[in-house]
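Colleague: Can you keep this structure in mind? I'll have questions shortly.
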Amino acid sequence: MERRNFLLMVATLIGARYAVAATSTAVSIDEIRNNWKELLPKNADVPFTTEPLERSNAVWRQILTPAQYSVLREEGTEYPGSSPLNNEKRAGVFVCAGCGLPLFTSRMKYDSGTGWPSFFTSIPGHLANKKDYKIIVERDEYHCVRCGGHQGHVFDDGPPPTRQRWCNNGVALRFIAA
């Protein structure tokens with residue numbers, strides 16, 4: 001009986017973490033997705049166009065760190081827990097480290113417990129998905145629509161109301177505080 005009570009307590013705590021993510025976003029998902037510019041400082045130098053940006057690999061190597069190049073251009077993955085953005089709690093916007101296109105906001109972020117920055121939704125039209133079979137199992141990989149930089153994978157084990165977990169490599173993002 002004690003084991004059953006312990007398991008119920010753990011399930012309750014896990015559910016509470018997801019409930020916090022859902023209740024902290026009392027506004028609708030559409031409002032969160034569409035009003036992302038409210039969290040961007042007025043002087044922020046970010047692109048608003050999703051027009052494709054093309055650069056040679058030589059140029060990418062000059063402007064990105066080796067870790068950023070590995071993730072953004074070669075679809076690598078950083079070690080879990082290695083990104084300071086995993087613990088970022090301030091209001092603001094997460095932009096692509098390759099081209100600066102806004103991808104997520106702090107209102108979309110939640111603690112998934114995975115060791116990577118995670119979001120329950122994204123800014124509409126700023127990410128493109130494709131199927132990934134690198135580990136044999138089909139996964140949904142996503143990239144920045146502007147520069148094509150690999151960001152991470154989206155899973156269906158996130159919090160309500162979307163049930164999505166946009167699991168992002170922190171090195172592929174830059175944070176701009178509101």
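We name chains A, B, ... following the order of the structure tokens; residues begin at 1 in each chain, and ligands are numbered from 1 as shown.
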Env of A:Arg174: 7 Å cut, atoms = only C-alpha atoms, seq-sep filter 2 positions within chain, self excluded. Answer as a PyMOL selection string.
Modeller: chain A and resi 94-97+176
Colleague: So that I have them on file, write out the residues from the current selection with all heavy atoms, as a PDB file, in the first residue's frame.
Modeller:
ATOM      1  N   PHE A  94      13.299  33.986 -27.443  1.00  0.00           N
ATOM      2  CA  PHE A  94      14.378  33.090 -27.851  1.00  0.00           C
ATOM      3  C   PHE A  94      14.470  33.139 -29.369  1.00  0.00           C
ATOM      4  O   PHE A  94      13.487  32.861 -30.063  1.00  0.00           O
ATOM      5  CB  PHE A  94      14.101  31.657 -27.380  1.00  0.00           C
ATOM      6  CG  PHE A  94      14.075  31.521 -25.878  1.00  0.00           C
ATOM      7  CD1 PHE A  94      12.919  31.776 -25.158  1.00  0.00           C
ATOM      8  CD2 PHE A  94      15.221  31.144 -25.188  1.00  0.00           C
ATOM      9  CE1 PHE A  94      12.894  31.651 -23.774  1.00  0.00           C
ATOM     10  CE2 PHE A  94      15.208  31.021 -23.798  1.00  0.00           C
ATOM     11  CZ  PHE A  94      14.043  31.272 -23.093  1.00  0.00           C
ATOM     12  N   VAL A  95      15.655  33.510 -29.878  1.00  0.00           N
ATOM     13  CA  VAL A  95      15.852  33.649 -31.317  1.00  0.00           C
ATOM     14  C   VAL A  95      16.873  32.633 -31.807  1.00  0.00           C
ATOM     15  O   VAL A  95      17.685  32.112 -31.036  1.00  0.00           O
ATOM     16  CB  VAL A  95      16.306  35.085 -31.696  1.00  0.00           C
ATOM     17  CG1 VAL A  95      15.284  36.126 -31.224  1.00  0.00           C
ATOM     18  CG2 VAL A  95      17.685  35.402 -31.160  1.00  0.00           C
ATOM     19  N   CYS A  96      16.837  32.348 -33.100  1.00  0.00           N
ATOM     20  CA  CYS A  96      17.799  31.436 -33.716  1.00  0.00           C
ATOM     21  C   CYS A  96      19.201  32.015 -33.576  1.00  0.00           C
ATOM     22  O   CYS A  96      19.433  33.185 -33.897  1.00  0.00           O
ATOM     23  CB  CYS A  96      17.447  31.250 -35.195  1.00  0.00           C
ATOM     24  SG  CYS A  96      18.634  30.237 -36.106  1.00  0.00           S
ATOM     25  N   ALA A  97      20.138  31.219 -33.097  1.00  0.00           N
ATOM     26  CA  ALA A  97      21.522  31.665 -32.930  1.00  0.00           C
ATOM     27  C   ALA A  97      22.209  31.861 -34.279  1.00  0.00           C
ATOM     28  O   ALA A  97      23.222  32.550 -34.352  1.00  0.00           O
ATOM     29  CB  ALA A  97      22.302  30.668 -32.085  1.00  0.00           C
ATOM     30  N   ILE A 176      16.855  37.068 -25.763  1.00  0.00           N
ATOM     31  CA  ILE A 176      16.786  38.523 -25.678  1.00  0.00           C
ATOM     32  C   ILE A 176      15.770  38.858 -24.593  1.00  0.00           C
ATOM     33  O   ILE A 176      14.581  38.583 -24.748  1.00  0.00           O
ATOM     34  CB  ILE A 176      16.360  39.148 -27.021  1.00  0.00           C
ATOM     35  CG1 ILE A 176      17.352  38.769 -28.131  1.00  0.00           C
ATOM     36  CG2 ILE A 176      16.243  40.678 -26.887  1.00  0.00           C
ATOM     37  CD1 ILE A 176      16.926  39.210 -29.511  1.00  0.00           C
TER      38      ILE A 176
END
Colleague: Which residues are close to A:Phe48, i.e. within 12 Å by only C-alpha atoms, leaving aside same-chain residues fewer than 6 positions away? Reply as a CSV table (one decimal) with N, CA and C atoms, in the first residue's frame.
Modeller:
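Saved file part-v4.csv follows:
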chain,number,residue,atom,x,y,z
A,36,TRP,N,3.7,37.5,-29.6
A,36,TRP,CA,5.1,37.3,-29.2
A,36,TRP,C,5.9,38.6,-29.2
A,37,LYS,N,5.6,39.6,-30.1
A,37,LYS,CA,6.3,40.8,-30.2
A,37,LYS,C,6.3,41.6,-28.9
A,40,LEU,N,9.4,41.4,-26.9
A,40,LEU,CA,10.7,41.8,-27.6
A,40,LEU,C,10.9,43.3,-27.3
A,95,VAL,N,15.7,33.5,-29.9
A,95,VAL,CA,15.9,33.6,-31.3
A,95,VAL,C,16.9,32.6,-31.8
A,99,CYS,N,20.6,33.1,-37.3
A,99,CYS,CA,20.1,34.2,-38.1
A,99,CYS,C,19.3,35.3,-37.3
A,100,GLY,N,19.0,35.0,-36.0
A,100,GLY,CA,18.3,35.9,-35.2
A,100,GLY,C,16.8,35.9,-35.3
A,101,LEU,N,16.2,35.0,-36.1
A,101,LEU,CA,14.7,35.0,-36.2
A,101,LEU,C,14.1,34.5,-34.9
A,102,PRO,N,13.1,35.3,-34.4
A,102,PRO,CA,12.4,34.9,-33.2
A,102,PRO,C,11.7,33.5,-33.4
A,103,LEU,N,11.9,32.6,-32.4
A,103,LEU,CA,11.3,31.3,-32.5
A,103,LEU,C,10.3,30.9,-31.4
A,123,ILE,N,6.5,30.2,-32.3
A,123,ILE,CA,6.0,31.4,-33.0
A,123,ILE,C,5.5,30.8,-34.4
A,125,GLY,N,4.9,30.0,-38.2
A,125,GLY,CA,5.5,30.2,-39.4
A,125,GLY,C,7.1,30.4,-39.3
A,126,HIS,N,7.7,30.2,-38.2
A,126,HIS,CA,9.1,30.5,-38.0
A,126,HIS,C,9.9,29.2,-37.9
A,145,VAL,N,13.1,28.5,-40.3
A,145,VAL,CA,12.7,28.6,-41.7
A,145,VAL,C,13.5,29.6,-42.5
A,146,ARG,N,14.2,30.5,-41.7
A,146,ARG,CA,15.0,31.5,-42.4
A,146,ARG,C,16.4,31.0,-42.8
Colleague: Using only C-alpha atoms, which of A:Asn34, A:Gly148, A:Ser118, A:Pro160 sits nearest A:Leu53?
Modeller: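 Checking each of A:Asn34, A:Gly148, A:Ser118, A:Pro160 against A:Leu53, counting only C-alpha atoms, the winner is A:Gly148.
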Colleague: Return as a PyMOL selection string the full set of residues in chain A whose backbone-based DSSP assignment is helix (DSSP H, G or I).
Modeller: chain A and resi 2-23+29-34+36-39+57-63+66-74+84-87+106-108+170-172
Colleague: How far is it from atom CA of A:Glu74 to atom CA of A:Glu138, in Å with one decimal?
Modeller: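 Atom-to-atom, atom CA of A:Glu74 and atom CA of A:Glu138 are spaced 18.4 Å apart.
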Colleague: Point out the residue among A:Asn43, A:Ser28, A:Ser106, A:Ser83 with the least atom-to-atom distance to A:Gln68, counting only C-alpha atoms.
Modeller: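 Closest candidate: A:Ser83.
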Colleague: Residues within 10 Å of stretch 166-173 of chain A, please, as a VMD selection string. Count only C-alpha atoms; anything in the same chain fewer than 4 positions from it doesn't count.
Modeller: chain A and resid 64 to 65 67 to 73 76 to 86 93 to 104 108 to 110 112 114 to 122 140 to 142 144 149 to 158
Colleague: Please, what distance in Å, to one decimal, runs between atom CA of A:Ala178 and atom CA of A:Gln164?
Modeller: 24.6 Å
Colleague: To one decimal place in Å, what is the distance between atom CA of A:Gly113 and atom CA of A:Asn35?
Modeller: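 Value for the atom CA of A:Gly113-atom CA of A:Asn35 distance: 26.7 Å.
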Colleague: As a VMD selection string, list the residues of stretch 11-151 of chain A assigned to strand (DSSP E) by DSSP on the backbone atoms of this structure.
Modeller: chain A and resid 92 to 96 102 to 105 109 to 110 118 to 119 127 to 132 139 to 144 150 to 151
